[in-house]
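What follows is one structure encoded as structure tokens, with my remarks underneath.
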Amino acid sequence: MLDKDQIAAASHLLVKHWRDGTKFDALEPRLRPHSRADGYAIQAALETQSLGQLFGWKIAATSESGQKHINVAGPLAGRIMSDTVIADGGTASMKGNAMRVGEPEFAFRMGRDLPPRSAPYGVDEVLAAVGSFHPAIEIPDSRFVDFAGAGEAQLIADNACAHLFVLGAATSANWRAMDLVEERPQITLRGQRYLGHGRNVLGDPRGALAWLANELRGLGITLRAGEVVTTGTCHPPLPIQAGDQFAVDFGVLGKVSVGFD
């Protein structure tokens with residue numbers, strides 16, 4: 001287990017590389033996390049160094065393609081800070097972005113708190129605490145040159161590859177009555193069209209949301225009202241470049257888009 005000085009030093013190094021748009025090979029052995037707990041402790045320290053406030057949470061690797069992309073066996077939670085949020089229809093900088101992919105995602109804004117407790121939260125309980133549904137786009141990246149070889153603990157410390165995030169407007173549709181598993185968002189990129197699938201998100205975006213609530217529960221963290229949870233890509237990550245426009249149409253659930261420069 002890392003001590004508080006090691007956690008602070010590892011976090012400071014990761015934040016510096018994120019702000020500078022630079023990459024490095026790995027945390028030095030004395031600062032390197034070797035467990036999920038150590039990884040999350042380093043990640044938590046990022047909050048105190050951010051220029052923004054906690055906006056919400058992301059889930060990395062909720063699909064098989066996402067897990068292969070960063071070479072992990074299952075999901076990882078990360079923090080979305082307010083200074084990394086791009087307005088819907090806005091422009092995201094490609095500076096320092098080595099991963100260079102866009103991901104269409106199902107996102108939820110919480111309507112009430114889900115505090116830590118001994119018993120796991122059920123999907124229905126978590127859904128009852130949701131205030132609104134939103135289409136979203138995540139633009140992940142890593143501070144590690146070889147993110148696929150960094151390993152689970154370092155990637156958690158690296159904020160689960162959080163980089164930039166775009167949140168669409170809350171839907172006016174009755175999303176609770178819909179089968180999100182079979183929703184097929186349409187992505188348009190460089191004149192090509194791609195179809196996402198709700199079932200790619202841990203089998204069900206609602207189940208992914210419950211996973212996040214329980215991951216935080218296990219860490220002693222409250223998932224708070226107003227926070228957004230984006231549940232992971234519903235399509236294999238799509239390559240992006242400067243000049244692109246990335247648009248996602250969720251049908252009656254709404255639309256979201258972002259450009260890149």
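Identifiers for the structure tokens are assigned positionally: chains receive A, B, ... in sequence, residues are indexed from 1 per chain, and ligands are indexed from 1 in the order shown.
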
Distance table requested - segment 11-72 of chain A against segment 128-140 of chain A, cut-off 12 Å, only C-alpha atoms: one row per qualifying residue with the closest atom pair and its distance in Å to one decimal, ordered by chain and rising residue number, as JSON lines.
```
{"residue": "A:Trp18", "atom": "CA", "partner": "A:Pro140", "partner_atom": "CA", "distance": 11.8}
{"residue": "A:Trp57", "atom": "CA", "partner": "A:Glu138", "partner_atom": "CA", "distance": 11.3}
{"residue": "A:Lys58", "atom": "CA", "partner": "A:Glu138", "partner_atom": "CA", "distance": 8.7}
{"residue": "A:Ile59", "atom": "CA", "partner": "A:Glu138", "partner_atom": "CA", "distance": 10.2}
{"residue": "A:Ala60", "atom": "CA", "partner": "A:Pro140", "partner_atom": "CA", "distance": 8.9}
{"residue": "A:Ala61", "atom": "CA", "partner": "A:Pro140", "partner_atom": "CA", "distance": 11.1}
{"residue": "A:Gly66", "atom": "CA", "partner": "A:Pro140", "partner_atom": "CA", "distance": 10.9}
{"residue": "A:His69", "atom": "CA", "partner": "A:Pro140", "partner_atom": "CA", "distance": 11.2}
{"residue": "A:Ile70", "atom": "CA", "partner": "A:Pro140", "partner_atom": "CA", "distance": 10.9}
```

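Compared by their closest atoms to Arg36 of chain A, and using only C-alpha atoms, the residues A:Cys161, A:Leu2, A:Ala225, A:Ile80 rank with A:Leu2 nearest.
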
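Using only C-alpha atoms, the smallest distance between any of A:Gly149, A:Pro115, A:Val123, A:Val228 and Met81 of chain A comes from A:Val228.
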
DSSP-assigned strand (DSSP E) among segment 57-197 of chain A, expressed as a PyMOL selection string: chain A and resi 57-60+76-81+85-87+91-92+101-110+130-139+164-167+186-189+192-195

Residues from last step as file, N, CA and C atoms, as a compact mmCIF listing (two decimals), in the first residue's frame:
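Full text of part_4.txt as output:
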```txt
# COMPACT_ATOMS: atom_id res chain seq x y z
N TRP A 57 -18.70 11.21 -13.26
CA TRP A 57 -17.89 10.00 -13.32
C TRP A 57 -17.99 9.35 -14.69
N LYS A 58 -16.91 8.71 -15.09
CA LYS A 58 -16.89 7.94 -16.32
C LYS A 58 -16.60 6.48 -15.99
N ILE A 59 -16.99 5.61 -16.89
CA ILE A 59 -16.62 4.20 -16.77
C ILE A 59 -15.84 3.83 -18.03
N ALA A 60 -14.62 3.40 -17.83
CA ALA A 60 -13.80 2.92 -18.94
C ALA A 60 -13.97 1.41 -19.07
N LEU A 76 -13.36 0.24 -15.24
CA LEU A 76 -12.62 1.11 -14.34
C LEU A 76 -13.41 2.42 -14.21
N ALA A 77 -13.44 2.99 -13.01
CA ALA A 77 -14.13 4.27 -12.80
C ALA A 77 -13.13 5.41 -12.82
N GLY A 78 -13.57 6.54 -13.35
CA GLY A 78 -12.73 7.74 -13.36
C GLY A 78 -13.56 8.99 -13.10
N ARG A 79 -12.88 10.06 -12.74
CA ARG A 79 -13.53 11.33 -12.45
C ARG A 79 -13.60 12.22 -13.69
N ILE A 80 -14.74 12.88 -13.87
CA ILE A 80 -14.88 13.93 -14.88
C ILE A 80 -14.85 15.26 -14.14
N MET A 81 -13.87 16.09 -14.45
CA MET A 81 -13.76 17.40 -13.81
C MET A 81 -14.38 18.46 -14.73
N VAL A 85 -14.95 19.59 -19.55
CA VAL A 85 -16.24 19.43 -20.25
C VAL A 85 -16.34 20.44 -21.39
N ILE A 86 -16.62 19.94 -22.59
CA ILE A 86 -16.80 20.75 -23.79
C ILE A 86 -18.29 20.90 -24.05
N ALA A 87 -18.73 22.10 -24.40
CA ALA A 87 -20.15 22.34 -24.68
C ALA A 87 -20.60 21.52 -25.89
N THR A 91 -15.99 22.79 -29.76
CA THR A 91 -14.77 22.30 -30.40
C THR A 91 -13.78 21.82 -29.34
N ALA A 92 -13.23 20.65 -29.54
CA ALA A 92 -12.25 20.08 -28.63
C ALA A 92 -10.87 20.12 -29.28
N VAL A 101 -9.39 9.09 -30.21
CA VAL A 101 -10.63 8.39 -30.52
C VAL A 101 -11.81 9.11 -29.87
N GLY A 102 -12.98 8.94 -30.49
CA GLY A 102 -14.22 9.44 -29.93
C GLY A 102 -15.14 8.28 -29.61
N GLU A 103 -15.96 8.46 -28.55
CA GLU A 103 -16.83 7.37 -28.10
C GLU A 103 -18.24 7.89 -27.81
N PRO A 104 -19.26 7.31 -28.46
CA PRO A 104 -20.65 7.68 -28.18
C PRO A 104 -21.13 6.98 -26.91
N GLU A 105 -21.79 7.72 -26.01
CA GLU A 105 -22.11 7.13 -24.71
C GLU A 105 -23.50 7.52 -24.19
N PHE A 106 -24.06 6.62 -23.40
CA PHE A 106 -25.30 6.87 -22.67
C PHE A 106 -24.91 7.47 -21.31
N ALA A 107 -25.47 8.62 -20.96
CA ALA A 107 -25.11 9.28 -19.71
C ALA A 107 -26.35 9.58 -18.88
N PHE A 108 -26.16 9.62 -17.56
CA PHE A 108 -27.25 9.87 -16.63
C PHE A 108 -26.82 10.94 -15.62
N ARG A 109 -27.71 11.87 -15.32
CA ARG A 109 -27.46 12.82 -14.24
C ARG A 109 -28.28 12.40 -13.02
N MET A 110 -27.62 12.31 -11.89
CA MET A 110 -28.28 11.84 -10.69
C MET A 110 -29.22 12.90 -10.13
N VAL A 130 -31.95 8.48 -10.50
CA VAL A 130 -31.54 9.26 -11.67
C VAL A 130 -32.52 10.41 -11.91
N GLY A 131 -31.96 11.58 -12.25
CA GLY A 131 -32.80 12.73 -12.56
C GLY A 131 -33.08 12.86 -14.05
N SER A 132 -32.06 12.59 -14.90
CA SER A 132 -32.25 12.77 -16.34
C SER A 132 -31.27 11.91 -17.14
N PHE A 133 -31.66 11.67 -18.41
CA PHE A 133 -30.82 10.93 -19.35
C PHE A 133 -30.26 11.91 -20.37
N HIS A 134 -29.00 11.68 -20.79
CA HIS A 134 -28.33 12.56 -21.76
C HIS A 134 -27.52 11.76 -22.77
N PRO A 135 -27.57 12.12 -24.06
CA PRO A 135 -26.58 11.58 -25.00
C PRO A 135 -25.24 12.26 -24.72
N ALA A 136 -24.14 11.56 -24.95
CA ALA A 136 -22.83 12.10 -24.61
C ALA A 136 -21.76 11.56 -25.54
N ILE A 137 -20.62 12.24 -25.53
CA ILE A 137 -19.43 11.80 -26.26
C ILE A 137 -18.25 11.90 -25.30
N GLU A 138 -17.47 10.84 -25.22
CA GLU A 138 -16.23 10.93 -24.46
C GLU A 138 -15.04 10.92 -25.41
N ILE A 139 -14.03 11.70 -25.06
CA ILE A 139 -12.78 11.76 -25.82
C ILE A 139 -11.68 11.36 -24.83
N LEU A 164 -11.46 14.50 -22.20
CA LEU A 164 -12.49 15.50 -22.47
C LEU A 164 -13.84 14.82 -22.58
N PHE A 165 -14.90 15.62 -22.35
CA PHE A 165 -16.25 15.04 -22.30
C PHE A 165 -17.26 16.06 -22.82
N VAL A 166 -18.25 15.56 -23.57
CA VAL A 166 -19.30 16.40 -24.14
C VAL A 166 -20.65 15.85 -23.68
N LEU A 167 -21.46 16.70 -23.06
CA LEU A 167 -22.77 16.28 -22.56
C LEU A 167 -23.87 16.95 -23.37
N GLN A 186 -26.73 6.43 -33.92
CA GLN A 186 -26.05 6.55 -35.21
C GLN A 186 -24.97 7.62 -35.12
N ILE A 187 -23.75 7.21 -35.43
CA ILE A 187 -22.61 8.12 -35.38
C ILE A 187 -22.24 8.52 -36.80
N THR A 188 -22.04 9.83 -37.01
CA THR A 188 -21.58 10.33 -38.31
C THR A 188 -20.21 10.94 -38.13
N LEU A 189 -19.26 10.49 -38.95
CA LEU A 189 -17.87 10.95 -38.86
C LEU A 189 -17.23 10.88 -40.24
N GLN A 192 -19.01 9.10 -43.04
CA GLN A 192 -19.36 7.69 -42.81
C GLN A 192 -20.35 7.58 -41.66
N ARG A 193 -21.18 6.57 -41.70
CA ARG A 193 -22.16 6.34 -40.63
C ARG A 193 -21.86 5.00 -39.94
N TYR A 194 -21.99 5.01 -38.63
CA TYR A 194 -21.74 3.83 -37.81
C TYR A 194 -22.90 3.67 -36.84
N LEU A 195 -23.19 2.43 -36.48
CA LEU A 195 -24.28 2.16 -35.53
C LEU A 195 -23.72 1.62 -34.22
```

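Distances to Ala150 of chain A were evaluated for A:Ile221, A:Ala247, A:Leu27, A:Met99 using only C-alpha atoms, and the minimum falls at A:Leu27.
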
Within 12 Å of Leu155 of chain A, counting only C-alpha atoms, which residues show up once you throw out same-chain ones fewer than 2 positions away? Write them as a CSV table (one decimal) with N, CA, C and O atoms, in the first residue's frame, please.
```
chain,number,residue,atom,x,y,z
A,14,LEU,N,1.2,12.8,-12.7
A,14,LEU,CA,0.1,12.6,-13.7
A,14,LEU,C,-0.6,13.9,-14.1
A,14,LEU,O,-0.8,14.1,-15.3
A,26,ALA,N,6.0,5.2,-17.5
A,26,ALA,CA,5.3,4.6,-16.3
A,26,ALA,C,5.7,5.3,-15.1
A,26,ALA,O,6.7,6.1,-15.1
A,27,LEU,N,4.9,5.2,-14.1
A,27,LEU,CA,5.3,5.7,-12.7
A,27,LEU,C,6.5,4.9,-12.2
A,27,LEU,O,6.6,3.7,-12.4
A,32,ARG,N,4.5,3.5,-8.1
A,32,ARG,CA,3.6,2.7,-8.9
A,32,ARG,C,2.5,2.0,-8.1
A,32,ARG,O,2.9,1.2,-7.2
A,33,PRO,N,1.3,2.1,-8.4
A,33,PRO,CA,0.2,1.4,-7.7
A,33,PRO,C,0.2,-0.1,-8.2
A,33,PRO,O,0.4,-0.4,-9.4
A,34,HIS,N,0.0,-1.0,-7.3
A,34,HIS,CA,-0.1,-2.4,-7.6
A,34,HIS,C,-1.4,-3.0,-7.2
A,34,HIS,O,-1.6,-4.2,-7.3
A,35,SER,N,-2.4,-2.2,-6.9
A,35,SER,CA,-3.7,-2.6,-6.6
A,35,SER,C,-4.7,-1.6,-7.1
A,35,SER,O,-4.4,-0.4,-7.3
A,36,ARG,N,-6.0,-2.0,-7.2
A,36,ARG,CA,-7.0,-1.0,-7.6
A,36,ARG,C,-7.1,0.0,-6.5
A,36,ARG,O,-7.3,1.2,-6.8
A,38,ASP,N,-4.8,1.3,-4.5
A,38,ASP,CA,-3.8,2.3,-4.7
A,38,ASP,C,-4.1,3.2,-5.9
A,38,ASP,O,-3.8,4.4,-5.8
A,39,GLY,N,-4.5,2.6,-6.9
A,39,GLY,CA,-4.9,3.4,-8.1
A,39,GLY,C,-5.9,4.4,-7.8
A,39,GLY,O,-5.8,5.6,-8.2
A,40,TYR,N,-7.0,4.0,-7.1
A,40,TYR,CA,-8.0,4.9,-6.8
A,40,TYR,C,-7.6,6.0,-5.8
A,40,TYR,O,-8.1,7.1,-5.8
A,42,ILE,N,-4.6,7.4,-5.7
A,42,ILE,CA,-3.9,8.4,-6.5
A,42,ILE,C,-4.9,9.2,-7.3
A,42,ILE,O,-4.8,10.4,-7.4
A,43,GLN,N,-5.9,8.5,-7.9
A,43,GLN,CA,-6.9,9.2,-8.7
A,43,GLN,C,-7.6,10.3,-7.8
A,43,GLN,O,-7.9,11.4,-8.3
A,59,ILE,N,-17.0,5.6,-16.9
A,59,ILE,CA,-16.6,4.2,-16.8
A,59,ILE,C,-15.8,3.8,-18.0
A,59,ILE,O,-16.3,4.0,-19.1
A,60,ALA,N,-14.6,3.4,-17.8
A,60,ALA,CA,-13.8,2.9,-18.9
A,60,ALA,C,-14.0,1.4,-19.1
A,60,ALA,O,-14.2,0.7,-18.1
A,61,ALA,N,-13.8,0.9,-20.3
A,61,ALA,CA,-13.8,-0.5,-20.6
A,61,ALA,C,-15.1,-1.2,-20.2
A,61,ALA,O,-15.0,-2.3,-19.6
A,67,GLN,N,-12.2,-2.9,-23.6
A,67,GLN,CA,-11.3,-3.6,-22.7
A,67,GLN,C,-10.0,-4.0,-23.5
A,67,GLN,O,-8.9,-3.9,-23.0
A,70,ILE,N,-7.5,-0.9,-24.1
A,70,ILE,CA,-6.6,-0.6,-23.0
A,70,ILE,C,-6.1,-1.8,-22.3
A,70,ILE,O,-5.4,-1.7,-21.3
A,71,ASN,N,-6.4,-3.0,-22.8
A,71,ASN,CA,-5.9,-4.3,-22.3
A,71,ASN,C,-6.2,-4.5,-20.8
A,71,ASN,O,-5.3,-4.7,-20.0
A,72,VAL,N,-7.4,-4.4,-20.4
A,72,VAL,CA,-7.9,-4.7,-19.1
A,72,VAL,C,-9.0,-5.7,-19.2
A,72,VAL,O,-9.7,-5.9,-20.2
A,74,GLY,N,-11.9,-5.7,-17.2
A,74,GLY,CA,-13.2,-5.2,-16.8
A,74,GLY,C,-13.2,-3.7,-16.6
A,74,GLY,O,-12.2,-3.1,-16.8
A,75,PRO,N,-14.3,-3.2,-16.1
A,75,PRO,CA,-14.5,-1.7,-16.0
A,75,PRO,C,-13.6,-1.1,-15.0
A,75,PRO,O,-13.2,-1.7,-14.0
A,76,LEU,N,-13.4,0.2,-15.2
A,76,LEU,CA,-12.6,1.1,-14.3
A,76,LEU,C,-13.4,2.4,-14.2
A,76,LEU,O,-14.0,2.9,-15.2
A,77,ALA,N,-13.4,3.0,-13.0
A,77,ALA,CA,-14.1,4.3,-12.8
A,77,ALA,C,-13.1,5.4,-12.8
A,77,ALA,O,-12.0,5.3,-12.4
A,78,GLY,N,-13.6,6.5,-13.3
A,78,GLY,CA,-12.7,7.7,-13.4
A,78,GLY,C,-13.6,9.0,-13.1
A,78,GLY,O,-14.8,9.0,-13.2
A,140,PRO,N,-11.4,10.1,-24.7
A,140,PRO,CA,-10.4,9.6,-23.7
A,140,PRO,C,-9.0,9.9,-24.2
A,140,PRO,O,-8.7,10.1,-25.3
A,141,ASP,N,-8.1,9.7,-23.2
A,141,ASP,CA,-6.6,9.7,-23.5
A,141,ASP,C,-5.9,9.3,-22.3
A,141,ASP,O,-6.5,9.2,-21.2
A,142,SER,N,-4.6,8.9,-22.4
A,142,SER,CA,-3.8,8.5,-21.3
A,142,SER,C,-2.6,9.3,-21.2
A,142,SER,O,-2.1,9.8,-22.2
A,143,ARG,N,-2.0,9.4,-20.0
A,143,ARG,CA,-0.8,10.0,-19.8
A,143,ARG,C,0.4,9.1,-20.1
A,143,ARG,O,1.5,9.5,-20.1
A,144,PHE,N,0.1,7.8,-20.3
A,144,PHE,CA,1.1,6.8,-20.6
A,144,PHE,C,1.3,6.6,-22.1
A,144,PHE,O,0.4,6.5,-22.8
A,145,VAL,N,2.6,6.5,-22.5
A,145,VAL,CA,2.9,6.3,-23.9
A,145,VAL,C,2.3,5.0,-24.3
A,145,VAL,O,1.6,4.9,-25.3
A,146,ASP,N,2.5,3.9,-23.6
A,146,ASP,CA,2.0,2.6,-23.9
A,146,ASP,C,0.8,2.3,-22.9
A,146,ASP,O,0.9,1.6,-22.0
A,147,PHE,N,-0.3,3.0,-23.2
A,147,PHE,CA,-1.5,2.8,-22.3
A,147,PHE,C,-2.0,1.4,-22.3
A,147,PHE,O,-2.5,0.9,-21.3
A,148,ALA,N,-1.8,0.6,-23.4
A,148,ALA,CA,-2.3,-0.7,-23.5
A,148,ALA,C,-1.4,-1.7,-22.6
A,148,ALA,O,-1.9,-2.7,-22.2
A,149,GLY,N,-0.2,-1.2,-22.2
A,149,GLY,CA,0.6,-2.0,-21.4
A,149,GLY,C,0.8,-1.5,-20.0
A,149,GLY,O,1.5,-2.1,-19.2
A,150,ALA,N,0.1,-0.4,-19.6
A,150,ALA,CA,0.2,0.2,-18.3
A,150,ALA,C,-0.3,-0.6,-17.2
A,150,ALA,O,0.1,-0.5,-16.1
A,151,GLY,N,-1.4,-1.4,-17.5
A,151,GLY,CA,-2.0,-2.2,-16.4
A,151,GLY,C,-3.1,-1.5,-15.7
A,151,GLY,O,-3.2,-0.3,-15.7
A,152,GLU,N,-4.0,-2.3,-15.1
A,152,GLU,CA,-5.2,-1.8,-14.5
A,152,GLU,C,-5.0,-0.8,-13.4
A,152,GLU,O,-5.6,0.3,-13.4
A,153,ALA,N,-4.0,-1.0,-12.5
A,153,ALA,CA,-3.8,-0.1,-11.4
A,153,ALA,C,-3.3,1.3,-11.8
A,153,ALA,O,-3.8,2.3,-11.4
A,157,ALA,N,-5.1,5.0,-11.7
A,157,ALA,CA,-4.4,6.2,-11.2
A,157,ALA,C,-4.5,7.3,-12.3
A,157,ALA,O,-4.5,8.5,-11.9
A,158,ASP,N,-4.4,6.9,-13.5
A,158,ASP,CA,-4.4,7.8,-14.7
A,158,ASP,C,-5.9,8.3,-15.0
A,158,ASP,O,-6.2,8.7,-16.1
A,159,ASN,N,-6.7,8.2,-13.9
A,159,ASN,CA,-8.1,8.7,-14.0
A,159,ASN,C,-8.9,7.9,-15.1
A,159,ASN,O,-9.8,8.5,-15.8
A,160,ALA,N,-8.6,6.6,-15.2
A,160,ALA,CA,-9.3,5.7,-16.2
A,160,ALA,C,-9.4,6.3,-17.6
A,160,ALA,O,-10.4,6.2,-18.3
A,161,CYS,N,-8.3,7.0,-17.9
A,161,CYS,CA,-8.1,7.6,-19.3
A,161,CYS,C,-9.1,8.7,-19.6
A,161,CYS,O,-9.4,9.0,-20.7
A,162,ALA,N,-9.5,9.4,-18.5
A,162,ALA,CA,-10.4,10.6,-18.7
A,162,ALA,C,-9.6,11.7,-19.4
A,162,ALA,O,-8.4,11.9,-19.1
```

Straight-line distance linking atom CA of Gly96 of chain A with atom CA of Thr22 of chain A, stated in Å to one decimal: 6.1 Å

Within 8 Å of Gln6 of chain A using only C-alpha atoms, minus same-chain residues under 3 positions, as a list in words: Leu2, Asp3, Ala9, Ala10, Arg30 and Leu31 of chain A

Spatial neighbours of Phe260 of chain A, 10 Å, only C-alpha atoms, chain gap at least 3 places, as JSON, numbers by chain: {"A": [90, 91, 92, 93, 94, 95, 240, 241, 242, 243, 244, 245, 246]}

List the neighbours of Arg206 of chain A out to 12 Å using only C-alpha atoms; skip same-chain residues closer than 2 positions along the sequence, and give me the result as a PDB file with C-alpha atoms, in the first residue's frame.
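The new file around05.pdb reads:
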```pdb
ATOM      1  CA  THR A  62     -17.477  -1.388 -20.381  1.00  0.00           C
ATOM      2  CA  GLU A 105     -22.106   7.135 -24.708  1.00  0.00           C
ATOM      3  CA  PHE A 106     -25.302   6.866 -22.667  1.00  0.00           C
ATOM      4  CA  ALA A 107     -25.105   9.280 -19.705  1.00  0.00           C
ATOM      5  CA  PHE A 108     -27.251   9.869 -16.634  1.00  0.00           C
ATOM      6  CA  GLY A 122     -29.710  -2.874  -7.213  1.00  0.00           C
ATOM      7  CA  VAL A 123     -30.268  -1.557 -10.736  1.00  0.00           C
ATOM      8  CA  ASP A 124     -33.815  -0.436  -9.938  1.00  0.00           C
ATOM      9  CA  GLU A 125     -32.633   1.491  -6.861  1.00  0.00           C
ATOM     10  CA  VAL A 126     -29.971   3.280  -8.852  1.00  0.00           C
ATOM     11  CA  LEU A 127     -32.370   4.118 -11.694  1.00  0.00           C
ATOM     12  CA  ALA A 128     -34.847   5.528  -9.182  1.00  0.00           C
ATOM     13  CA  ALA A 129     -32.142   7.992  -8.100  1.00  0.00           C
ATOM     14  CA  VAL A 130     -31.540   9.263 -11.672  1.00  0.00           C
ATOM     15  CA  PHE A 133     -30.820  10.934 -19.355  1.00  0.00           C
ATOM     16  CA  TRP A 175     -36.263   6.889 -21.496  1.00  0.00           C
ATOM     17  CA  ARG A 176     -37.336   4.811 -18.480  1.00  0.00           C
ATOM     18  CA  MET A 178     -37.375   2.223 -23.368  1.00  0.00           C
ATOM     19  CA  ASP A 179     -35.164  -0.822 -23.789  1.00  0.00           C
ATOM     20  CA  LEU A 180     -31.773   0.884 -23.763  1.00  0.00           C
ATOM     21  CA  VAL A 181     -30.115  -2.460 -24.513  1.00  0.00           C
ATOM     22  CA  GLY A 198     -26.747  -0.308 -26.049  1.00  0.00           C
ATOM     23  CA  ARG A 199     -25.885  -3.918 -25.291  1.00  0.00           C
ATOM     24  CA  ASN A 200     -22.197  -3.121 -25.864  1.00  0.00           C
ATOM     25  CA  VAL A 201     -22.203  -1.193 -22.564  1.00  0.00           C
ATOM     26  CA  LEU A 202     -21.717  -4.033 -20.024  1.00  0.00           C
ATOM     27  CA  GLY A 203     -24.773  -5.670 -21.573  1.00  0.00           C
ATOM     28  CA  ASP A 204     -27.014  -2.746 -20.532  1.00  0.00           C
ATOM     29  CA  ALA A 208     -23.199  -0.111 -16.045  1.00  0.00           C
ATOM     30  CA  LEU A 209     -24.645   2.796 -14.051  1.00  0.00           C
ATOM     31  CA  ALA A 210     -25.359   0.445 -11.151  1.00  0.00           C
ATOM     32  CA  TRP A 211     -21.814  -0.909 -11.414  1.00  0.00           C
ATOM     33  CA  LEU A 212     -20.454   2.622 -10.979  1.00  0.00           C
ATOM     34  CA  ALA A 213     -22.679   3.306  -7.971  1.00  0.00           C
ATOM     35  CA  VAL A 229     -22.272   9.316 -15.008  1.00  0.00           C
ATOM     36  CA  THR A 230     -21.245   8.393 -18.544  1.00  0.00           C
ATOM     37  CA  THR A 231     -21.425   4.642 -18.938  1.00  0.00           C
ATOM     38  CA  GLY A 232     -18.872   3.779 -21.615  1.00  0.00           C
TER      39      GLY A 232
END
```

Every residue of segment 114-204 of chain A that DSSP places in helix (DSSP H, G or I), as an mmCIF file with C-alpha atoms, in the first residue's frame:
```cif
data_model
loop_
_atom_site.group_PDB
_atom_site.id
_atom_site.type_symbol
_atom_site.label_atom_id
_atom_site.label_comp_id
_atom_site.auth_asym_id
_atom_site.auth_seq_id
_atom_site.Cartn_x
_atom_site.Cartn_y
_atom_site.Cartn_z
ATOM 1 C CA VAL A 123 -30.268 -1.557 -10.736
ATOM 2 C CA ASP A 124 -33.815 -0.436 -9.938
ATOM 3 C CA GLU A 125 -32.633 1.491 -6.861
ATOM 4 C CA VAL A 126 -29.971 3.280 -8.852
ATOM 5 C CA LEU A 127 -32.370 4.118 -11.694
ATOM 6 C CA ALA A 128 -34.847 5.528 -9.182
ATOM 7 C CA PHE A 147 -1.495 2.796 -22.315
ATOM 8 C CA ALA A 148 -2.285 -0.739 -23.457
ATOM 9 C CA GLY A 149 0.623 -2.021 -21.381
ATOM 10 C CA GLU A 152 -5.228 -1.819 -14.499
ATOM 11 C CA ALA A 153 -3.833 -0.106 -11.371
ATOM 12 C CA GLN A 154 -1.848 2.527 -13.291
ATOM 13 C CA LEU A 155 -4.795 3.234 -15.607
ATOM 14 C CA ILE A 156 -7.064 3.806 -12.609
ATOM 15 C CA ALA A 157 -4.435 6.200 -11.226
ATOM 16 C CA ASN A 159 -8.117 8.673 -14.034
ATOM 17 C CA ALA A 160 -9.315 5.738 -16.151
ATOM 18 C CA CYS A 161 -8.108 7.554 -19.277
ATOM 19 C CA TRP A 175 -36.263 6.889 -21.496
ATOM 20 C CA ARG A 176 -37.336 4.811 -18.480
ATOM 21 C CA ALA A 177 -39.917 3.020 -20.640
ATOM 22 C CA LEU A 180 -31.773 0.884 -23.763
ATOM 23 C CA VAL A 181 -30.115 -2.460 -24.513
ATOM 24 C CA GLU A 182 -31.496 -2.330 -28.048
ATOM 25 C CA GLY A 198 -26.747 -0.308 -26.049
ATOM 26 C CA ARG A 199 -25.885 -3.918 -25.291
ATOM 27 C CA ASN A 200 -22.197 -3.121 -25.864
#
```

Distance of atom CA of Met1 of chain A from atom CA of Val15 of chain A, expressed in Å to one decimal place: 20.9 Å

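Nearest to Leu219 of chain A of all the residues A:Ala44, A:Leu13, A:Val258, A:Leu253 is A:Ala44, counting only C-alpha atoms.
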